[in-house]
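Q: Pasting a structure here, questions to come.
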Amino acid sequence: MTELLGVAVLGAGHMGADHIRRLDRVVSGARVAAVTDPDTGRAKEAAAGIEGVGVYAEAEAALDAPGVGAVLIASPGPAHEAALLAALRRGLPVLCEKPMVPDPAGALRVVEAEARLGRRLAQVGFMRRYDAGYRRLKEVLDGGRLGRTLMLHCVHRNAASPSFFTSEMLVEDSVAHEIDAARWLLGQELTSVTVLRPSPSGGAPERLADPQFVVFETSGGALVDVEVFVNCRSGYQVRCEAVGEHGSARIGDDQGPLVTSAGSASTGVPQDYVVRFADAYDREVQAWVDATRQGRVTGPSVWDGYAASAVAEAGVRSLRGAGRVGVELAGRPDLYGGATG
Ligand code: ISE
């Protein structure tokens with residue numbers, strides 16, 4: 001296929017604007033054909049200078065725009081279900097940012113809609129699977145030299161949270177990444193979740209339960225803990241240490257060059273995820289474009305998106321005081337490997 005893949009980007013906020021720049025300037029084989037955002041001023045700004053792009057206020061208008069052959073959904077989570085269903089109805093391949101659909105019932109409707117088509121069209125934007133560090137960690141674990149993985153210790157810190165962030169979003173929006181990464185690294189389902197909250201940081205906005213400490217049990221008997229702290233003030237930090245029977249492996253400490261000068265050694269800390277994970281986003285979107293142009297879907301599935309939402313929803317119940325909450329997954333359609341999770 002020599003023709004460029006025309007992509008409609010839904011949402012021109014922080015992530016959407018970054019993907020528009022990436023599709024326009026970094027990734028090969030694709031072009032931005034349409035941009036939509038309820039704030040058309042923001043959409044126009046993100047699309048400025050891109051040849052042949054249409055700007056729309058409504059998502060469905062962008063899907064029907066001339067030259068659109070695929071969709072990248074980067075609107076807020078609650079808008080994803082309608083957008084995914086509209087793309088599936090039109091047979092358009094999709095890359096949908098996480099959380100796929102925050103409400104598990106809605107996420108399951110998307111799984112069922114795709115399963116009815118009988119073929120995969122959608123991929124979920126769990127980009128840590130494309131990060132070099134996470135990939136190397138998975139290779140070490142799969143290689144078996146650490147023996148069975150017993151525990152994952154994860155740290156997920158943001159410098160500051162956006163003004164619209166709620167206590168629930170620390171689980172649904174931030175820990176969503178660790179939920180998927182743990183399922184992927186271990187090849188196991190997360191079967192229960194307990195969210196604990198220390199006394200909130202004075203640096204967090206009032207009424208935001210920040211930080212939180214989340215513990216998952218898995219179907220293979222492992223434990224996963226996550227410190228999530230979205231107003232840590234010092235910068236964007238994501239680490240993961242896997243502890244096995246014969247040793248441990250840790251990623252996330254090696255962000256910048258260690259500069260030694262004038263009697264001290266220091267390294268920069270990125271302030272934002274689009275900087276920290278820039279390479280992972282580039283690799284993810286390039287892989288999606290390449291696979292789409294070949295008529296294939298290779299990345300995380302809508303089943304992975306549903307499973308993450310089901311775990312996160314159990315996490316939200318725990319955060320609200322339910323203690324340790326078990327995770328119940330629906331039956332997994334054959335399209336995603338069959339049997340139950
Ligand atoms: C954001 O949506 C992300 O995906 C970031 O990776 C995460 O660190 C942040 O907490 C989320 O809000």
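For the structure tokens, the naming scheme is as follows: chains receive sequential letters (A, B, ...) according to their order of presentation, residues are indexed from 1 within each chain, and ligands are indexed from 1 in presentation order.
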Using only C-alpha atoms and all ligand atoms, find each protein or nucleic acid residue lying at most 6 Å from ligand 1; present the set as a ChimeraX atom specification.
A: /A:158,173-174,273
Q: Once you have the residues from the selection above, write them out as a CSV table (one decimal), in the first residue's frame, restricted to N, CA and C atoms.
A:
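Wrote out.csv, looks like this:
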chain,number,residue,atom,x,y,z
A,158,ASN,N,3.4,11.8,39.3
A,158,ASN,CA,3.3,12.9,38.4
A,158,ASN,C,3.7,14.2,39.2
A,173,ASP,N,-7.3,6.5,35.8
A,173,ASP,CA,-6.5,7.1,34.8
A,173,ASP,C,-5.0,6.9,34.9
A,174,SER,N,-4.5,6.9,36.2
A,174,SER,CA,-3.1,6.7,36.4
A,174,SER,C,-2.7,5.3,36.6
A,273,TYR,N,4.5,13.1,31.1
A,273,TYR,CA,4.5,11.8,30.4
A,273,TYR,C,4.8,11.8,29.0
Q: As an mmCIF file with N, CA, C and O atoms, in the first residue's frame, please: the residues near region 47-54 of chain A (cut-off 12 Å, only C-alpha atoms, same-chain neighbours under 3 positions excluded).
A:
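New file part22.cif:
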data_model
loop_
_atom_site.group_PDB
_atom_site.id
_atom_site.type_symbol
_atom_site.label_atom_id
_atom_site.label_comp_id
_atom_site.auth_asym_id
_atom_site.auth_seq_id
_atom_site.Cartn_x
_atom_site.Cartn_y
_atom_site.Cartn_z
ATOM 1 N N GLY A 6 -5.082 7.932 6.105
ATOM 2 C CA GLY A 6 -5.679 9.186 6.582
ATOM 3 C C GLY A 6 -6.311 8.947 7.951
ATOM 4 O O GLY A 6 -7.206 8.115 8.105
ATOM 5 N N VAL A 7 -5.832 9.658 8.959
ATOM 6 C CA VAL A 7 -6.300 9.415 10.334
ATOM 7 C C VAL A 7 -7.159 10.585 10.818
ATOM 8 O O VAL A 7 -6.771 11.749 10.676
ATOM 9 N N ALA A 8 -8.316 10.253 11.386
ATOM 10 C CA ALA A 8 -9.129 11.252 12.093
ATOM 11 C C ALA A 8 -8.717 11.212 13.556
ATOM 12 O O ALA A 8 -8.752 10.144 14.180
ATOM 13 N N VAL A 9 -8.299 12.325 14.101
ATOM 14 C CA VAL A 9 -7.919 12.381 15.521
ATOM 15 C C VAL A 9 -9.064 13.036 16.283
ATOM 16 O O VAL A 9 -9.433 14.188 16.005
ATOM 17 N N LEU A 10 -9.641 12.300 17.243
ATOM 18 C CA LEU A 10 -10.742 12.833 18.054
ATOM 19 C C LEU A 10 -10.157 13.344 19.370
ATOM 20 O O LEU A 10 -9.607 12.558 20.142
ATOM 21 N N GLY A 11 -10.268 14.636 19.592
ATOM 22 C CA GLY A 11 -9.728 15.221 20.820
ATOM 23 C C GLY A 11 -8.410 15.917 20.526
ATOM 24 O O GLY A 11 -7.485 15.303 19.993
ATOM 25 N N ALA A 12 -8.349 17.206 20.855
ATOM 26 C CA ALA A 12 -7.133 17.975 20.571
ATOM 27 C C ALA A 12 -6.579 18.583 21.860
ATOM 28 O O ALA A 12 -6.019 19.675 21.866
ATOM 29 N N GLY A 13 -6.740 17.842 22.974
ATOM 30 C CA GLY A 13 -6.177 18.289 24.254
ATOM 31 C C GLY A 13 -4.687 17.940 24.306
ATOM 32 O O GLY A 13 -4.029 17.802 23.279
ATOM 33 N N GLY A 16 -4.116 14.497 22.536
ATOM 34 C CA GLY A 16 -4.534 14.560 21.133
ATOM 35 C C GLY A 16 -3.585 15.440 20.330
ATOM 36 O O GLY A 16 -3.150 15.068 19.227
ATOM 37 N N ALA A 17 -3.235 16.600 20.863
ATOM 38 C CA ALA A 17 -2.340 17.517 20.146
ATOM 39 C C ALA A 17 -0.980 16.850 19.942
ATOM 40 O O ALA A 17 -0.351 16.996 18.888
ATOM 41 N N ASP A 18 -0.535 16.093 20.939
ATOM 42 C CA ASP A 18 0.764 15.411 20.804
ATOM 43 C C ASP A 18 0.704 14.336 19.714
ATOM 44 O O ASP A 18 1.638 14.178 18.930
ATOM 45 N N HIS A 19 -0.420 13.623 19.644
ATOM 46 C CA HIS A 19 -0.561 12.596 18.592
ATOM 47 C C HIS A 19 -0.683 13.238 17.204
ATOM 48 O O HIS A 19 -0.188 12.683 16.223
ATOM 49 N N ILE A 20 -1.332 14.394 17.125
ATOM 50 C CA ILE A 20 -1.451 15.089 15.830
ATOM 51 C C ILE A 20 -0.043 15.467 15.342
ATOM 52 O O ILE A 20 0.330 15.219 14.196
ATOM 53 N N ARG A 21 0.760 16.025 16.249
ATOM 54 C CA ARG A 21 2.148 16.372 15.899
ATOM 55 C C ARG A 21 2.912 15.124 15.458
ATOM 56 O O ARG A 21 3.621 15.098 14.458
ATOM 57 N N ARG A 22 2.709 14.030 16.193
ATOM 58 C CA ARG A 22 3.438 12.772 15.911
ATOM 59 C C ARG A 22 3.051 12.223 14.538
ATOM 60 O O ARG A 22 3.910 11.843 13.747
ATOM 61 N N LEU A 23 1.729 12.192 14.266
ATOM 62 C CA LEU A 23 1.273 11.648 12.972
ATOM 63 C C LEU A 23 1.755 12.533 11.828
ATOM 64 O O LEU A 23 2.088 12.052 10.744
ATOM 65 N N ASP A 24 1.802 13.836 12.078
ATOM 66 C CA ASP A 24 2.192 14.769 11.028
ATOM 67 C C ASP A 24 3.700 14.750 10.791
ATOM 68 O O ASP A 24 4.149 14.800 9.653
ATOM 69 N N ARG A 25 4.488 14.640 11.881
ATOM 70 C CA ARG A 25 5.926 14.894 11.721
ATOM 71 C C ARG A 25 6.846 13.734 12.059
ATOM 72 O O ARG A 25 8.019 13.750 11.715
ATOM 73 N N ARG A 31 -1.180 10.327 7.543
ATOM 74 C CA ARG A 31 -1.363 11.785 7.551
ATOM 75 C C ARG A 31 -2.598 12.096 8.389
ATOM 76 O O ARG A 31 -3.474 11.227 8.557
ATOM 77 N N VAL A 32 -2.659 13.283 8.939
ATOM 78 C CA VAL A 32 -3.835 13.692 9.708
ATOM 79 C C VAL A 32 -4.873 14.196 8.709
ATOM 80 O O VAL A 32 -4.644 15.182 8.016
ATOM 81 N N ALA A 33 -6.002 13.477 8.604
ATOM 82 C CA ALA A 33 -7.024 13.842 7.624
ATOM 83 C C ALA A 33 -8.119 14.689 8.267
ATOM 84 O O ALA A 33 -8.752 15.508 7.604
ATOM 85 N N ALA A 34 -8.368 14.486 9.562
ATOM 86 C CA ALA A 34 -9.437 15.236 10.241
ATOM 87 C C ALA A 34 -9.102 15.365 11.722
ATOM 88 O O ALA A 34 -8.477 14.474 12.300
ATOM 89 N N VAL A 35 -9.520 16.477 12.300
ATOM 90 C CA VAL A 35 -9.335 16.703 13.743
ATOM 91 C C VAL A 35 -10.662 17.180 14.285
ATOM 92 O O VAL A 35 -11.349 17.990 13.650
ATOM 93 N N THR A 36 -11.036 16.644 15.445
ATOM 94 C CA THR A 36 -12.280 17.096 16.040
ATOM 95 C C THR A 36 -12.094 17.357 17.532
ATOM 96 O O THR A 36 -11.332 16.657 18.209
ATOM 97 N N ASP A 37 -12.781 18.381 17.995
ATOM 98 C CA ASP A 37 -12.798 18.699 19.423
ATOM 99 C C ASP A 37 -14.003 19.604 19.617
ATOM 100 O O ASP A 37 -14.267 20.456 18.751
ATOM 101 N N THR A 40 -13.538 23.984 18.998
ATOM 102 C CA THR A 40 -12.975 23.982 17.638
ATOM 103 C C THR A 40 -11.754 24.898 17.537
ATOM 104 O O THR A 40 -10.890 24.672 16.693
ATOM 105 N N GLY A 41 -11.670 25.881 18.406
ATOM 106 C CA GLY A 41 -10.477 26.756 18.410
ATOM 107 C C GLY A 41 -9.245 25.919 18.719
ATOM 108 O O GLY A 41 -8.200 26.027 18.068
ATOM 109 N N ARG A 42 -9.391 25.039 19.716
ATOM 110 C CA ARG A 42 -8.279 24.169 20.104
ATOM 111 C C ARG A 42 -7.947 23.190 18.971
ATOM 112 O O ARG A 42 -6.792 22.915 18.679
ATOM 113 N N ALA A 43 -9.003 22.669 18.307
ATOM 114 C CA ALA A 43 -8.783 21.733 17.196
ATOM 115 C C ALA A 43 -8.044 22.437 16.063
ATOM 116 O O ALA A 43 -7.100 21.885 15.487
ATOM 117 N N LYS A 44 -8.459 23.673 15.760
ATOM 118 C CA LYS A 44 -7.815 24.434 14.663
ATOM 119 C C LYS A 44 -6.347 24.682 14.991
ATOM 120 O O LYS A 44 -5.479 24.561 14.140
ATOM 121 N N ALA A 57 -16.431 19.885 14.835
ATOM 122 C CA ALA A 57 -16.805 19.930 16.254
ATOM 123 C C ALA A 57 -17.315 18.559 16.698
ATOM 124 O O ALA A 57 -17.191 18.176 17.859
ATOM 125 N N GLU A 58 -17.912 17.798 15.759
ATOM 126 C CA GLU A 58 -18.540 16.511 16.107
ATOM 127 C C GLU A 58 -17.666 15.340 15.664
ATOM 128 O O GLU A 58 -17.204 15.304 14.522
ATOM 129 N N ALA A 59 -17.533 14.342 16.545
ATOM 130 C CA ALA A 59 -16.688 13.179 16.238
ATOM 131 C C ALA A 59 -17.171 12.464 14.976
ATOM 132 O O ALA A 59 -16.372 12.119 14.097
ATOM 133 N N ALA A 61 -18.744 13.496 12.399
ATOM 134 C CA ALA A 61 -18.447 14.236 11.160
ATOM 135 C C ALA A 61 -17.009 13.968 10.738
ATOM 136 O O ALA A 61 -16.709 13.805 9.550
ATOM 137 N N ALA A 62 -16.107 13.866 11.714
ATOM 138 C CA ALA A 62 -14.697 13.599 11.385
ATOM 139 C C ALA A 62 -14.545 12.183 10.834
ATOM 140 O O ALA A 62 -13.763 11.943 9.912
ATOM 141 N N LEU A 63 -15.311 11.227 11.383
ATOM 142 C CA LEU A 63 -15.205 9.843 10.897
ATOM 143 C C LEU A 63 -15.660 9.751 9.436
ATOM 144 O O LEU A 63 -15.173 8.913 8.681
ATOM 145 N N ASP A 64 -16.633 10.603 9.064
ATOM 146 C CA ASP A 64 -17.167 10.562 7.695
ATOM 147 C C ASP A 64 -16.436 11.516 6.750
ATOM 148 O O ASP A 64 -16.817 11.645 5.586
ATOM 149 N N ALA A 65 -15.405 12.169 7.244
ATOM 150 C CA ALA A 65 -14.708 13.166 6.415
ATOM 151 C C ALA A 65 -13.951 12.480 5.274
ATOM 152 O O ALA A 65 -13.550 11.315 5.399
ATOM 153 N N PRO A 66 -13.750 13.189 4.156
ATOM 154 C CA PRO A 66 -13.051 12.586 3.020
ATOM 155 C C PRO A 66 -11.636 12.152 3.394
ATOM 156 O O PRO A 66 -10.949 12.848 4.133
ATOM 157 N N GLY A 67 -11.255 10.984 2.920
ATOM 158 C CA GLY A 67 -9.870 10.506 3.111
ATOM 159 C C GLY A 67 -9.610 9.838 4.448
ATOM 160 O O GLY A 67 -8.478 9.434 4.736
ATOM 161 N N VAL A 68 -10.638 9.706 5.303
ATOM 162 C CA VAL A 68 -10.396 9.088 6.613
ATOM 163 C C VAL A 68 -10.432 7.562 6.494
ATOM 164 O O VAL A 68 -11.422 6.988 6.040
#
Q: For Ala204 (chain A), which residue out of A:Val243, A:Ile73, A:Val238, A:Ala160 is the nearest one, using only C-alpha atoms?
A: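 Nearest to Ala204 (chain A): A:Ala160.
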Q: Just list the residues in region 34-279 of chain A DSSP gives alpha helix (DSSP H) on the backbone, as number ranges by chain.
A: A: 40-47, 59-63, 80-89, 104-117, 132-143, 167-169, 176-186, 273-276, 278-279
Q: Mind running region 232-334 of chain A against region 104-128 of chain A at 10 Å and telling me each contacting residue's nearest atom pair with the distance in Å (one decimal), counting only C-alpha atoms, chain and number ascending, as JSON lines?
A:
{"residue": "A:Phe277", "atom": "CA", "partner": "A:Arg128", "partner_atom": "CA", "distance": 7.8}
{"residue": "A:Ala278", "atom": "CA", "partner": "A:Met127", "partner_atom": "CA", "distance": 9.8}
{"residue": "A:Asp279", "atom": "CA", "partner": "A:Met127", "partner_atom": "CA", "distance": 9.6}
{"residue": "A:Ala280", "atom": "CA", "partner": "A:Met127", "partner_atom": "CA", "distance": 6.0}
{"residue": "A:Tyr281", "atom": "CA", "partner": "A:Met127", "partner_atom": "CA", "distance": 6.0}
{"residue": "A:Asp282", "atom": "CA", "partner": "A:Met127", "partner_atom": "CA", "distance": 9.2}
{"residue": "A:Arg283", "atom": "CA", "partner": "A:Met127", "partner_atom": "CA", "distance": 8.5}
{"residue": "A:Glu284", "atom": "CA", "partner": "A:Met127", "partner_atom": "CA", "distance": 6.1}
{"residue": "A:Val285", "atom": "CA", "partner": "A:Gly125", "partner_atom": "CA", "distance": 8.9}
{"residue": "A:Trp288", "atom": "CA", "partner": "A:Gln123", "partner_atom": "CA", "distance": 8.0}
{"residue": "A:Thr292", "atom": "CA", "partner": "A:Leu121", "partner_atom": "CA", "distance": 8.8}
{"residue": "A:Gly295", "atom": "CA", "partner": "A:Leu121", "partner_atom": "CA", "distance": 8.9}
{"residue": "A:Arg296", "atom": "CA", "partner": "A:Leu121", "partner_atom": "CA", "distance": 8.0}
{"residue": "A:Val297", "atom": "CA", "partner": "A:Leu121", "partner_atom": "CA", "distance": 6.4}
{"residue": "A:Thr298", "atom": "CA", "partner": "A:Gln123", "partner_atom": "CA", "distance": 7.6}
{"residue": "A:Gly299", "atom": "CA", "partner": "A:Gln123", "partner_atom": "CA", "distance": 5.6}
{"residue": "A:Pro300", "atom": "CA", "partner": "A:Val124", "partner_atom": "CA", "distance": 5.4}
{"residue": "A:Ser301", "atom": "CA", "partner": "A:Gln123", "partner_atom": "CA", "distance": 5.0}
{"residue": "A:Val302", "atom": "CA", "partner": "A:Val111", "partner_atom": "CA", "distance": 5.8}
{"residue": "A:Trp303", "atom": "CA", "partner": "A:Val111", "partner_atom": "CA", "distance": 6.1}
{"residue": "A:Asp304", "atom": "CA", "partner": "A:Val124", "partner_atom": "CA", "distance": 7.6}
{"residue": "A:Gly305", "atom": "CA", "partner": "A:Val124", "partner_atom": "CA", "distance": 6.2}
{"residue": "A:Tyr306", "atom": "CA", "partner": "A:Ala107", "partner_atom": "CA", "distance": 5.0}
{"residue": "A:Ala307", "atom": "CA", "partner": "A:Pro104", "partner_atom": "CA", "distance": 7.9}
{"residue": "A:Ala308", "atom": "CA", "partner": "A:Pro104", "partner_atom": "CA", "distance": 8.5}
{"residue": "A:Ser309", "atom": "CA", "partner": "A:Pro104", "partner_atom": "CA", "distance": 5.2}
{"residue": "A:Ala310", "atom": "CA", "partner": "A:Pro104", "partner_atom": "CA", "distance": 5.2}
{"residue": "A:Val311", "atom": "CA", "partner": "A:Pro104", "partner_atom": "CA", "distance": 8.8}
{"residue": "A:Ala312", "atom": "CA", "partner": "A:Pro104", "partner_atom": "CA", "distance": 8.8}
{"residue": "A:Glu313", "atom": "CA", "partner": "A:Pro104", "partner_atom": "CA", "distance": 7.2}
{"residue": "A:Ala314", "atom": "CA", "partner": "A:Pro104", "partner_atom": "CA", "distance": 9.9}
{"residue": "A:Leu329", "atom": "CA", "partner": "A:Pro104", "partner_atom": "CA", "distance": 9.4}
{"residue": "A:Ala330", "atom": "CA", "partner": "A:Leu108", "partner_atom": "CA", "distance": 8.1}
{"residue": "A:Arg332", "atom": "CA", "partner": "A:Val111", "partner_atom": "CA", "distance": 9.1}
{"residue": "A:Pro333", "atom": "CA", "partner": "A:Ala115", "partner_atom": "CA", "distance": 6.7}
{"residue": "A:Asp334", "atom": "CA", "partner": "A:Ala115", "partner_atom": "CA", "distance": 8.1}
Q: Just N, CA and C atoms for this one: save the residues we selected as a short mmCIF file (atom, residue, chain, number, x, y, z; two decimals), in the first residue's frame.
A:
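Output file out.cif is given in full below:
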data_model
loop_
_atom_site.label_atom_id
_atom_site.label_comp_id
_atom_site.auth_asym_id
_atom_site.auth_seq_id
_atom_site.Cartn_x
_atom_site.Cartn_y
_atom_site.Cartn_z
N PHE A 277 7.69 9.31 28.08
CA PHE A 277 7.35 8.15 27.26
C PHE A 277 7.27 8.49 25.77
N ALA A 278 7.98 9.57 25.35
CA ALA A 278 7.90 9.99 23.93
C ALA A 278 8.24 8.84 22.99
N ASP A 279 9.32 8.12 23.28
CA ASP A 279 9.74 7.01 22.40
C ASP A 279 8.67 5.92 22.34
N ALA A 280 8.08 5.63 23.50
CA ALA A 280 7.05 4.58 23.54
C ALA A 280 5.84 4.99 22.71
N TYR A 281 5.42 6.26 22.82
CA TYR A 281 4.28 6.73 22.00
C TYR A 281 4.63 6.66 20.52
N ASP A 282 5.86 7.07 20.17
CA ASP A 282 6.25 7.04 18.75
C ASP A 282 6.19 5.60 18.23
N ARG A 283 6.75 4.68 19.00
CA ARG A 283 6.79 3.27 18.58
C ARG A 283 5.37 2.69 18.48
N GLU A 284 4.54 3.06 19.46
CA GLU A 284 3.16 2.56 19.47
C GLU A 284 2.41 3.01 18.22
N VAL A 285 2.47 4.31 17.93
CA VAL A 285 1.68 4.85 16.81
C VAL A 285 2.25 4.35 15.48
N TRP A 288 1.07 0.84 15.03
CA TRP A 288 -0.37 0.83 14.70
C TRP A 288 -0.58 1.19 13.23
N THR A 292 -2.04 -1.35 10.53
CA THR A 292 -3.32 -0.95 9.91
C THR A 292 -3.19 -0.95 8.39
N GLY A 295 -3.70 -4.19 7.11
CA GLY A 295 -4.98 -4.81 7.45
C GLY A 295 -4.91 -5.68 8.70
N ARG A 296 -3.95 -5.37 9.61
CA ARG A 296 -3.81 -6.19 10.82
C ARG A 296 -3.98 -5.33 12.07
N VAL A 297 -4.26 -5.98 13.20
CA VAL A 297 -4.27 -5.29 14.51
C VAL A 297 -3.35 -6.09 15.41
N THR A 298 -2.31 -5.45 15.98
CA THR A 298 -1.32 -6.21 16.72
C THR A 298 -1.21 -5.82 18.20
N GLY A 299 -1.73 -4.66 18.58
CA GLY A 299 -1.50 -4.16 19.94
C GLY A 299 -2.56 -4.62 20.93
N PRO A 300 -2.53 -4.06 22.16
CA PRO A 300 -3.49 -4.42 23.19
C PRO A 300 -4.93 -4.32 22.69
N SER A 301 -5.74 -5.29 23.07
CA SER A 301 -7.10 -5.40 22.51
C SER A 301 -8.14 -4.70 23.37
N VAL A 302 -9.36 -4.62 22.84
CA VAL A 302 -10.44 -4.05 23.64
C VAL A 302 -10.75 -4.96 24.84
N TRP A 303 -10.39 -6.25 24.74
CA TRP A 303 -10.54 -7.11 25.92
C TRP A 303 -9.59 -6.63 27.03
N ASP A 304 -8.36 -6.27 26.65
CA ASP A 304 -7.41 -5.73 27.63
C ASP A 304 -7.96 -4.43 28.22
N GLY A 305 -8.60 -3.62 27.36
CA GLY A 305 -9.20 -2.37 27.83
C GLY A 305 -10.32 -2.64 28.82
N TYR A 306 -11.16 -3.65 28.51
CA TYR A 306 -12.26 -4.01 29.41
C TYR A 306 -11.72 -4.52 30.75
N ALA A 307 -10.73 -5.43 30.67
CA ALA A 307 -10.18 -6.02 31.91
C ALA A 307 -9.61 -4.92 32.81
N ALA A 308 -8.92 -3.96 32.20
CA ALA A 308 -8.35 -2.86 33.00
C ALA A 308 -9.46 -2.04 33.65
N SER A 309 -10.56 -1.81 32.92
CA SER A 309 -11.66 -1.02 33.50
C SER A 309 -12.33 -1.77 34.64
N ALA A 310 -12.47 -3.11 34.48
CA ALA A 310 -13.11 -3.90 35.54
C ALA A 310 -12.25 -3.86 36.82
N VAL A 311 -10.93 -3.95 36.66
CA VAL A 311 -10.03 -3.90 37.83
C VAL A 311 -10.08 -2.50 38.45
N ALA A 312 -10.06 -1.47 37.59
CA ALA A 312 -10.06 -0.10 38.11
C ALA A 312 -11.36 0.19 38.85
N GLU A 313 -12.47 -0.32 38.33
CA GLU A 313 -13.76 -0.07 39.00
C GLU A 313 -13.78 -0.72 40.38
N ALA A 314 -13.19 -1.93 40.48
CA ALA A 314 -13.07 -2.57 41.80
C ALA A 314 -12.18 -1.71 42.70
N LEU A 329 -14.53 -10.88 36.07
CA LEU A 329 -14.52 -10.58 34.64
C LEU A 329 -15.62 -11.37 33.94
N ALA A 330 -16.17 -10.79 32.88
CA ALA A 330 -17.16 -11.51 32.06
C ALA A 330 -16.45 -12.63 31.29
N ARG A 332 -14.69 -14.40 28.28
CA ARG A 332 -13.88 -13.79 27.21
C ARG A 332 -14.28 -14.39 25.86
N PRO A 333 -14.73 -13.54 24.92
CA PRO A 333 -15.11 -14.06 23.59
C PRO A 333 -13.91 -14.74 22.90
N ASP A 334 -14.21 -15.70 22.02
CA ASP A 334 -13.16 -16.45 21.32
C ASP A 334 -12.18 -15.55 20.59
#
Q: Pick out the residues sitting within 7 Å of Thr267 (chain A), and hand them over as number ranges by chain; count only C-alpha atoms, and ignore anything fewer than 3 positions along from it in its own chain.
A: A: 256-259
Q: Could those residues be written to a file, using N, CA, C and O atoms, as an mmCIF file, in the first residue's frame?
A:
data_model
loop_
_atom_site.group_PDB
_atom_site.id
_atom_site.type_symbol
_atom_site.label_atom_id
_atom_site.label_comp_id
_atom_site.auth_asym_id
_atom_site.auth_seq_id
_atom_site.Cartn_x
_atom_site.Cartn_y
_atom_site.Cartn_z
ATOM 1 N N GLY A 256 18.064 10.292 32.477
ATOM 2 C CA GLY A 256 18.922 11.225 31.722
ATOM 3 C C GLY A 256 20.376 10.887 31.968
ATOM 4 O O GLY A 256 20.672 9.987 32.744
ATOM 5 N N PRO A 257 21.304 11.595 31.335
ATOM 6 C CA PRO A 257 22.710 11.357 31.664
ATOM 7 C C PRO A 257 22.974 11.828 33.101
ATOM 8 O O PRO A 257 22.351 12.801 33.566
ATOM 9 N N LEU A 258 23.847 11.124 33.788
ATOM 10 C CA LEU A 258 24.237 11.546 35.138
ATOM 11 C C LEU A 258 25.352 12.567 34.966
ATOM 12 O O LEU A 258 26.419 12.242 34.467
ATOM 13 N N VAL A 259 25.066 13.796 35.331
ATOM 14 C CA VAL A 259 26.059 14.863 35.135
ATOM 15 C C VAL A 259 26.789 15.105 36.449
ATOM 16 O O VAL A 259 26.172 15.385 37.479
#
Q: For a quick check of understanding, using only C-alpha atoms, which of A:Ser192, A:Gln212, A:Ser161, A:Ser201 has the smallest distance to Val175 (chain A)?
A: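 Result for the nearest residue to Val175 (chain A): A:Gln212.
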Q: Pick out each residue of region 84-311 of chain A that DSSP on the backbone tags as strand (DSSP E); I need them as a ChimeraX atom specification.
A: /A:94-97,122-125,149-157,190-196,212-218,223-229,237-244,248-251,259-261,264-266
Q: Under the rule that only C-alpha atoms are counted, which of A:Glu60, A:Asp103, A:Glu3, A:Asp272 is the nearest residue to Ala86 (chain A)?
A: A:Glu60
Q: Between A:Val71, A:Leu150, A:Leu5, A:Ala209, which one has atoms that come closest to Gly221 (chain A), using only C-alpha atoms?
A: A:Leu150
